[in-house]
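The file target.pdb comes next; it holds PDB, C-alpha atoms, pLDDT in the B column.
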ATOM      1  CA  MET J   1     -80.063 -87.565 -20.365  1.00 46.00           C
ATOM      2  CA  GLU J   2     -82.849 -89.206 -18.342  1.00 52.00           C
ATOM      3  CA  GLU J   3     -80.421 -89.970 -15.504  1.00 60.00           C
ATOM      4  CA  ASP J   4     -79.387 -86.300 -15.394  1.00 62.00           C
ATOM      5  CA  TYR J   5     -82.887 -85.091 -14.706  1.00 65.00           C
ATOM      6  CA  LYS J   6     -83.495 -87.925 -12.215  1.00 71.00           C
ATOM      7  CA  ASP J   7     -80.480 -86.686 -10.265  1.00 78.00           C
ATOM      8  CA  GLU J   8     -81.666 -83.095 -10.585  1.00 81.00           C
ATOM      9  CA  ILE J   9     -85.136 -84.011  -9.269  1.00 81.00           C
ATOM     10  CA  ALA J  10     -83.698 -86.114  -6.434  1.00 83.00           C
ATOM     11  CA  ASP J  11     -81.352 -83.262  -5.477  1.00 88.00           C
ATOM     12  CA  ARG J  12     -84.261 -80.821  -5.456  1.00 85.00           C
ATOM     13  CA  TYR J  13     -86.280 -83.247  -3.303  1.00 88.00           C
ATOM     14  CA  GLU J  14     -83.461 -83.723  -0.771  1.00 90.00           C
ATOM     15  CA  LYS J  15     -82.933 -79.966  -0.532  1.00 91.00           C
ATOM     16  CA  LEU J  16     -86.645 -79.383   0.124  1.00 90.00           C
ATOM     17  CA  ILE J  17     -86.827 -82.224   2.678  1.00 89.00           C
ATOM     18  CA  SER J  18     -83.836 -80.942   4.619  1.00 90.00           C
ATOM     19  CA  SER J  19     -85.230 -77.406   4.827  1.00 92.00           C
ATOM     20  CA  PHE J  20     -88.859 -78.331   5.535  1.00 90.00           C
ATOM     21  CA  VAL J  21     -90.264 -77.323   8.915  1.00 89.00           C
ATOM     22  CA  TRP J  22     -93.160 -79.297  10.362  1.00 86.00           C
ATOM     23  CA  THR J  23     -95.068 -76.387  11.888  1.00 90.00           C
ATOM     24  CA  PRO J  24     -98.600 -77.004  13.172  1.00 90.00           C
ATOM     25  CA  MET J  25     -99.997 -75.131  10.160  1.00 94.00           C
ATOM     26  CA  ASN J  26     -97.899 -77.126   7.660  1.00 92.00           C
ATOM     27  CA  THR J  27     -98.852 -80.373   9.382  1.00 90.00           C
ATOM     28  CA  GLU J  28    -102.565 -79.526   9.206  1.00 92.00           C
ATOM     29  CA  LYS J  29    -102.350 -78.653   5.500  1.00 94.00           C
ATOM     30  CA  ILE J  30    -100.564 -81.927   4.767  1.00 92.00           C
ATOM     31  CA  LYS J  31    -103.031 -83.936   6.862  1.00 90.00           C
ATOM     32  CA  ASP J  32    -105.894 -82.328   4.974  1.00 93.00           C
ATOM     33  CA  LEU J  33    -104.346 -83.104   1.589  1.00 94.00           C
ATOM     34  CA  LEU J  34    -103.560 -86.715   2.572  1.00 90.00           C
ATOM     35  CA  LEU J  35    -107.150 -87.262   3.708  1.00 90.00           C
ATOM     36  CA  LYS J  36    -108.465 -85.781   0.456  1.00 94.00           C
ATOM     37  CA  ILE J  37    -106.107 -87.960  -1.622  1.00 91.00           C
ATOM     38  CA  ASN J  38    -107.282 -91.026   0.335  1.00 87.00           C
ATOM     39  CA  LYS J  39    -110.890 -90.040  -0.377  1.00 91.00           C
ATOM     40  CA  LYS J  40    -110.148 -89.510  -4.072  1.00 92.00           C
ATOM     41  CA  MET J  41    -108.474 -92.938  -4.248  1.00 89.00           C
ATOM     42  CA  ASN J  42    -111.639 -94.428  -2.725  1.00 89.00           C
ATOM     43  CA  GLU J  43    -113.735 -92.602  -5.326  1.00 93.00           C
ATOM     44  CA  LEU J  44    -111.498 -94.009  -8.045  1.00 92.00           C
ATOM     45  CA  TYR J  45    -111.873 -97.498  -6.601  1.00 91.00           C
ATOM     46  CA  ASP J  46    -115.678 -97.041  -6.622  1.00 93.00           C
ATOM     47  CA  LYS J  47    -115.560 -96.008 -10.286  1.00 95.00           C
ATOM     48  CA  VAL J  48    -113.515 -99.090 -11.192  1.00 94.00           C
ATOM     49  CA  GLN J  49    -115.911-101.287  -9.223  1.00 93.00           C
ATOM     50  CA  LEU J  50    -118.913 -99.831 -11.109  1.00 95.00           C
ATOM     51  CA  LEU J  51    -117.183-100.326 -14.456  1.00 94.00           C
ATOM     52  CA  LYS J  52    -116.415-103.912 -13.513  1.00 94.00           C
ATOM     53  CA  GLN J  53    -120.060-104.518 -12.563  1.00 94.00           C
ATOM     54  CA  ASP J  54    -121.235-103.030 -15.875  1.00 93.00           C
ATOM     55  CA  PHE J  55    -118.836-105.150 -17.901  1.00 92.00           C
ATOM     56  CA  ASP J  56    -119.685-108.296 -15.924  1.00 93.00           C
ATOM     57  CA  SER J  57    -123.387-107.635 -16.448  1.00 93.00           C
ATOM     58  CA  GLY J  58    -122.824-107.168 -20.175  1.00 91.00           C
ATOM     59  CA  ALA J  59    -120.863-110.427 -20.340  1.00 89.00           C
ATOM     60  CA  GLU J  60    -123.690-112.240 -18.525  1.00 91.00           C
ATOM     61  CA  LYS J  61    -126.072-110.908 -21.184  1.00 92.00           C
ATOM     62  CA  GLY J  62    -123.879-112.437 -23.891  1.00 90.00           C
ATOM     63  CA  MET J  63    -121.996-109.353 -25.041  1.00 88.00           C
ATOM     64  CA  GLU J  64    -118.736-110.906 -26.289  1.00 84.00           C
ATOM     65  CA  LEU J  65    -116.747-107.674 -26.003  1.00 84.00           C
ATOM     66  CA  TYR J  66    -117.266-107.626 -22.238  1.00 85.00           C
ATOM     67  CA  LYS J  67    -116.140-111.178 -21.566  1.00 84.00           C
ATOM     68  CA  GLU J  68    -112.448-110.332 -21.340  1.00 89.00           C
ATOM     69  CA  TYR J  69    -111.293-106.917 -20.188  1.00 91.00           C
ATOM     70  CA  VAL J  70    -108.716-105.174 -18.068  1.00 90.00           C
ATOM     71  CA  ILE J  71    -109.422-101.961 -16.194  1.00 92.00           C
ATOM     72  CA  ASP J  72    -106.340-100.025 -15.160  1.00 89.00           C
ATOM     73  CA  ALA J  73    -106.947 -96.859 -13.143  1.00 90.00           C
ATOM     74  CA  CYS J  74    -104.759 -94.431 -11.237  1.00 85.00           C
ATOM     75  CA  LEU J  75    -104.604 -90.903  -9.948  1.00 85.00           C
ATOM     76  CA  ILE J  76    -102.414 -88.543 -11.912  1.00 84.00           C
ATOM     77  CA  CYS J  77    -100.817 -85.530 -10.284  1.00 83.00           C
ATOM     78  CA  SER J  78    -101.521 -82.751 -12.758  1.00 78.00           C
ATOM     79  CA  PRO J  79    -100.863 -79.294 -11.320  1.00 73.00           C
ATOM     80  CA  ARG J  80    -102.851 -76.300 -12.380  1.00 67.00           C
ATOM     81  CA  GLU J  81    -100.870 -73.938 -14.560  1.00 63.00           C
ATOM     82  CA  ASN J  82     -98.748 -71.460 -12.587  1.00 58.00           C
ATOM     83  CA  SER J  83    -100.051 -72.871  -9.335  1.00 54.00           C
ATOM     84  CA  TRP J  84     -96.893 -74.221  -7.755  1.00 60.00           C
ATOM     85  CA  ASP J  85     -93.435 -72.942  -7.182  1.00 64.00           C
ATOM     86  CA  LEU J  86     -92.137 -75.094 -10.047  1.00 66.00           C
ATOM     87  CA  ASP J  87     -91.095 -73.973 -13.468  1.00 69.00           C
ATOM     88  CA  SER J  88     -92.748 -75.842 -16.352  1.00 71.00           C
ATOM     89  CA  GLU J  89     -89.511 -77.657 -17.292  1.00 73.00           C
ATOM     90  CA  THR J  90     -89.050 -79.086 -13.780  1.00 70.00           C
ATOM     91  CA  GLN J  91     -92.732 -80.018 -13.611  1.00 69.00           C
ATOM     92  CA  GLU J  92     -92.424 -81.862 -16.940  1.00 70.00           C
ATOM     93  CA  LYS J  93     -89.353 -83.748 -15.702  1.00 69.00           C
ATOM     94  CA  ILE J  94     -91.147 -84.792 -12.524  1.00 70.00           C
ATOM     95  CA  SER J  95     -94.266 -85.845 -14.445  1.00 68.00           C
ATOM     96  CA  THR J  96     -92.151 -87.939 -16.793  1.00 67.00           C
ATOM     97  CA  ARG J  97     -90.345 -89.571 -13.888  1.00 65.00           C
ATOM     98  CA  ILE J  98     -93.483 -90.543 -11.985  1.00 66.00           C
ATOM     99  CA  SER J  99     -95.663 -91.475 -14.971  1.00 62.00           C
ATOM    100  CA  HIS J 100     -94.630 -95.128 -14.796  1.00 58.00           C
ATOM    101  CA  ILE J 101     -94.730 -95.499 -11.013  1.00 59.00           C
ATOM    102  CA  GLN J 102     -98.313 -94.505 -10.291  1.00 60.00           C
ATOM    103  CA  ARG J 103    -100.202 -96.810  -7.937  1.00 58.00           C
ATOM    104  CA  ASN J 104    -102.906 -98.470  -9.988  1.00 72.00           C
ATOM    105  CA  ILE J 105    -106.226-100.081  -9.236  1.00 83.00           C
ATOM    106  CA  TYR J 106    -106.514-103.122 -11.422  1.00 83.00           C
ATOM    107  CA  ALA J 107    -109.597-105.179 -12.324  1.00 87.00           C
ATOM    108  CA  THR J 108    -110.407-108.024 -14.700  1.00 87.00           C
ATOM    109  CA  GLN J 109    -113.434-110.232 -15.192  1.00 86.00           C
ATOM    110  CA  GLU J 110    -111.996-112.555 -12.525  1.00 86.00           C
ATOM    111  CA  LYS J 111    -111.183-110.041  -9.798  1.00 87.00           C
ATOM    112  CA  ILE J 112    -110.679-106.523  -8.585  1.00 85.00           C
ATOM    113  CA  GLU J 113    -107.790-105.525  -6.394  1.00 76.00           C
ATOM    114  CA  ASP J 114    -108.696-105.410  -2.710  1.00 69.00           C
ATOM    115  CA  ARG J 115    -109.569-101.893  -1.543  1.00 67.00           C
ATOM    116  CA  GLY J 116    -107.546-102.520   1.627  1.00 63.00           C
ATOM    117  CA  ASN J 117    -104.370-102.618  -0.461  1.00 59.00           C
ATOM    118  CA  GLN J 118    -104.736 -98.881  -1.063  1.00 61.00           C
ATOM    119  CA  LEU J 119    -104.123 -97.655   2.489  1.00 58.00           C
ATOM    120  CA  LEU J 120    -100.984 -97.878   4.565  1.00 59.00           C
ATOM    121  CA  PHE J 121    -100.136 -96.172   7.786  1.00 53.00           C
ATOM    122  CA  SER J 122     -97.614 -93.427   7.461  1.00 55.00           C
ATOM    123  CA  THR J 123     -94.008 -94.332   6.843  1.00 60.00           C
ATOM    124  CA  GLY J 124     -90.925 -92.508   5.630  1.00 66.00           C
ATOM    125  CA  ILE J 125     -91.343 -88.746   5.571  1.00 71.00           C
ATOM    126  CA  PHE J 126     -94.869 -89.108   6.967  1.00 71.00           C
ATOM    127  CA  ASN J 127     -93.696 -91.134   9.959  1.00 70.00           C
ATOM    128  CA  SER J 128     -94.242 -88.364  12.457  1.00 72.00           C
ATOM    129  CA  PRO J 129     -96.290 -88.328  15.670  1.00 73.00           C
ATOM    130  CA  ASP J 130     -98.445 -85.560  14.175  1.00 74.00           C
ATOM    131  CA  LEU J 131     -99.435 -87.822  11.268  1.00 76.00           C
ATOM    132  CA  ALA J 132     -99.671 -91.087  13.214  1.00 72.00           C
ATOM    133  CA  ASP J 133    -103.468 -91.229  12.968  1.00 74.00           C
ATOM    134  CA  ILE J 134    -103.567 -90.458   9.231  1.00 76.00           C
ATOM    135  CA  PRO J 135    -103.122 -93.329   6.811  1.00 75.00           C
ATOM    136  CA  ALA J 136    -101.327 -92.332   3.625  1.00 76.00           C
ATOM    137  CA  CYS J 137    -102.561 -94.293   0.626  1.00 78.00           C
ATOM    138  CA  ASN J 138    -100.038 -96.203  -1.410  1.00 78.00           C
ATOM    139  CA  TYR J 139    -100.222 -93.538  -4.093  1.00 80.00           C
ATOM    140  CA  ALA J 140     -99.257 -90.757  -1.651  1.00 83.00           C
ATOM    141  CA  GLN J 141     -96.417 -92.863  -0.247  1.00 80.00           C
ATOM    142  CA  VAL J 142     -94.967 -93.317  -3.738  1.00 80.00           C
ATOM    143  CA  LEU J 143     -95.593 -89.767  -4.900  1.00 82.00           C
ATOM    144  CA  PHE J 144     -94.250 -87.930  -1.854  1.00 83.00           C
ATOM    145  CA  ASP J 145     -91.684 -90.323  -0.401  1.00 81.00           C
ATOM    146  CA  LEU J 146     -90.520 -93.333  -2.384  1.00 79.00           C
ATOM    147  CA  SER J 147     -90.149 -91.651  -5.786  1.00 80.00           C
ATOM    148  CA  LYS J 148     -88.163 -88.725  -4.351  1.00 82.00           C
ATOM    149  CA  THR J 149     -90.066 -86.297  -6.564  1.00 82.00           C
ATOM    150  CA  TYR J 150     -92.657 -84.165  -4.776  1.00 85.00           C
ATOM    151  CA  SER J 151     -91.894 -83.150  -1.205  1.00 87.00           C
ATOM    152  CA  PRO J 152     -93.953 -82.021   1.781  1.00 88.00           C
ATOM    153  CA  GLN J 153     -93.048 -78.471   0.735  1.00 90.00           C
ATOM    154  CA  ASP J 154     -94.739 -79.128  -2.630  1.00 89.00           C
ATOM    155  CA  MET J 155     -97.778 -80.490  -0.788  1.00 91.00           C
ATOM    156  CA  LEU J 156     -98.341 -77.070   0.746  1.00 92.00           C
ATOM    157  CA  ASP J 157     -98.992 -75.669  -2.742  1.00 89.00           C
ATOM    158  CA  MET J 158    -101.186 -78.563  -3.893  1.00 91.00           C
ATOM    159  CA  THR J 159    -104.952 -78.878  -3.800  1.00 92.00           C
ATOM    160  CA  ILE J 160    -107.061 -81.917  -4.501  1.00 94.00           C
ATOM    161  CA  GLU J 161    -107.893 -80.392  -7.895  1.00 92.00           C
ATOM    162  CA  ASP J 162    -104.285 -81.200  -8.868  1.00 89.00           C
ATOM    163  CA  PHE J 163    -105.178 -84.911  -8.845  1.00 90.00           C
ATOM    164  CA  LYS J 164    -107.096 -86.368 -11.776  1.00 89.00           C
ATOM    165  CA  PHE J 165    -108.637 -89.754 -12.435  1.00 91.00           C
ATOM    166  CA  HIS J 166    -107.039 -91.754 -15.232  1.00 89.00           C
ATOM    167  CA  ILE J 167    -108.913 -94.891 -16.270  1.00 92.00           C
ATOM    168  CA  GLU J 168    -108.061 -97.138 -19.196  1.00 90.00           C
ATOM    169  CA  VAL J 169    -110.069-100.129 -20.330  1.00 92.00           C
ATOM    170  CA  PHE J 170    -108.545-102.797 -22.531  1.00 90.00           C
ATOM    171  CA  PHE J 171    -110.656-105.441 -24.221  1.00 85.00           C
ATOM    172  CA  ASP J 172    -107.647-107.490 -25.276  1.00 70.00           C
ATOM    173  CA  PRO J 173    -106.600-109.727 -22.395  1.00 58.00           C
ATOM    174  CA  ASP J 174    -103.024-109.879 -23.679  1.00 60.00           C
ATOM    175  CA  CYS J 175    -102.455-106.109 -23.438  1.00 52.00           C
TER     176      CYS J 175
END

Starting from the file, lay out its structure as structure tokens.
Amino acid sequence: MEEDYKDEIADRYEKLISSFVWTPMNTEKIKDLLLKINKKMNELYDKVQLLKQDFDSGAEKGMELYKEYVIDACLICSPRENSWDLDSETQEKISTRISHIQRNIYATQEKIEDRGNQLLFSTGIFNSPDLADIPACNYAQVLFDLSKTYSPQDMLDMTIEDFKFHIEVFFDPDC
């Protein structure tokens, strides 16, 4: 059953990729969204960094709970209702497919992932001269290229409000 909808989503993606036209207007909209996603990933990183500082400070003050923690944060693509050209069933299938492949920012009491690991220069579907100066964060690369779920056509219907912070904190180091 799961394989069926993976094929259905991949087929939809390939169809949209093959019919997509990189007009100047489409390119500008995609550039704008990529820059906003990069900014939102930086904001998420800042939030994780602040949480880490708070927990480290608490641990230094002797608060046992804060001595061992894991912070796991990611952006979640969560479209506004009736905002895209996707029926709710297809949207649910895509959300299920990408839920386990989100690019996370990870921190523990020992370290936080390097911020530089978040940005890559455009590859795959974004490897176009018009996007050469725009880095696409790891998250965007996975979401719009590697996972074969959302396409550049979908990006035209998206706004930055479709991307939400998701932060989990675990106080059990074995989680």

Explicit residue set for the PyMOL selection byres ((chain J and resi 65-80) around 6), as a ChimeraX atom specification: /J:55,58-59,63-64,81,83,104-108,162-171,173

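Reported to one decimal place, the separation of CA of Lys31 in chain J from CA of Ala136 in chain J is 9.2 Å.
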
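The residues caught by the PyMOL selection byres ((chain J and resi 125-133) around 10) in this file are Ile17, Trp22, Pro24, Thr27, Glu28, Ile30, Lys31, Leu34, Phe121, Ser122, Thr123, Gly124, Ile134, Pro135, Ala136, Ala140, Gln141, Phe144, Asp145, Leu146, Ser151 and Pro152 of chain J.
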
Counting all atoms listed in the file, the residue of J:Tyr13, J:Gln53, J:Lys36, J:Val21 that sits nearest Leu143 in chain J: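 Between J:Tyr13, J:Gln53, J:Lys36, J:Val21, the residue approaching Leu143 in chain J most closely is J:Tyr13.
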
Computed interatomic separation between CA of Ser57 in chain J and CA of Lys40 in chain J (Å):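 Going from CA of Ser57 in chain J over to CA of Lys40 in chain J covers 25.6 Å.
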
Residues within 7 Å of (-95.8, -80.9, -7.3), file coords, only C-alpha atoms, listed as a list of chain:residue names: J:Pro79, J:Trp84, J:Tyr150, J:Asp154, J:Met155, J:Met158

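Computed from the coordinates, the CA of Glu161 in chain J to CA of Asp32 in chain J distance equals 13.2 Å.
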
Given 4 Å on each side, where is the centre and what are the edge lengths in Å to one decimal of the axis-aligned box enclosing the listed atoms of range 56-69 of chain J, as JSON?
{"center_x": -118.7, "center_y": -109.7, "center_z": -21.1, "size_x": 22.8, "size_y": 13.5, "size_z": 18.4}
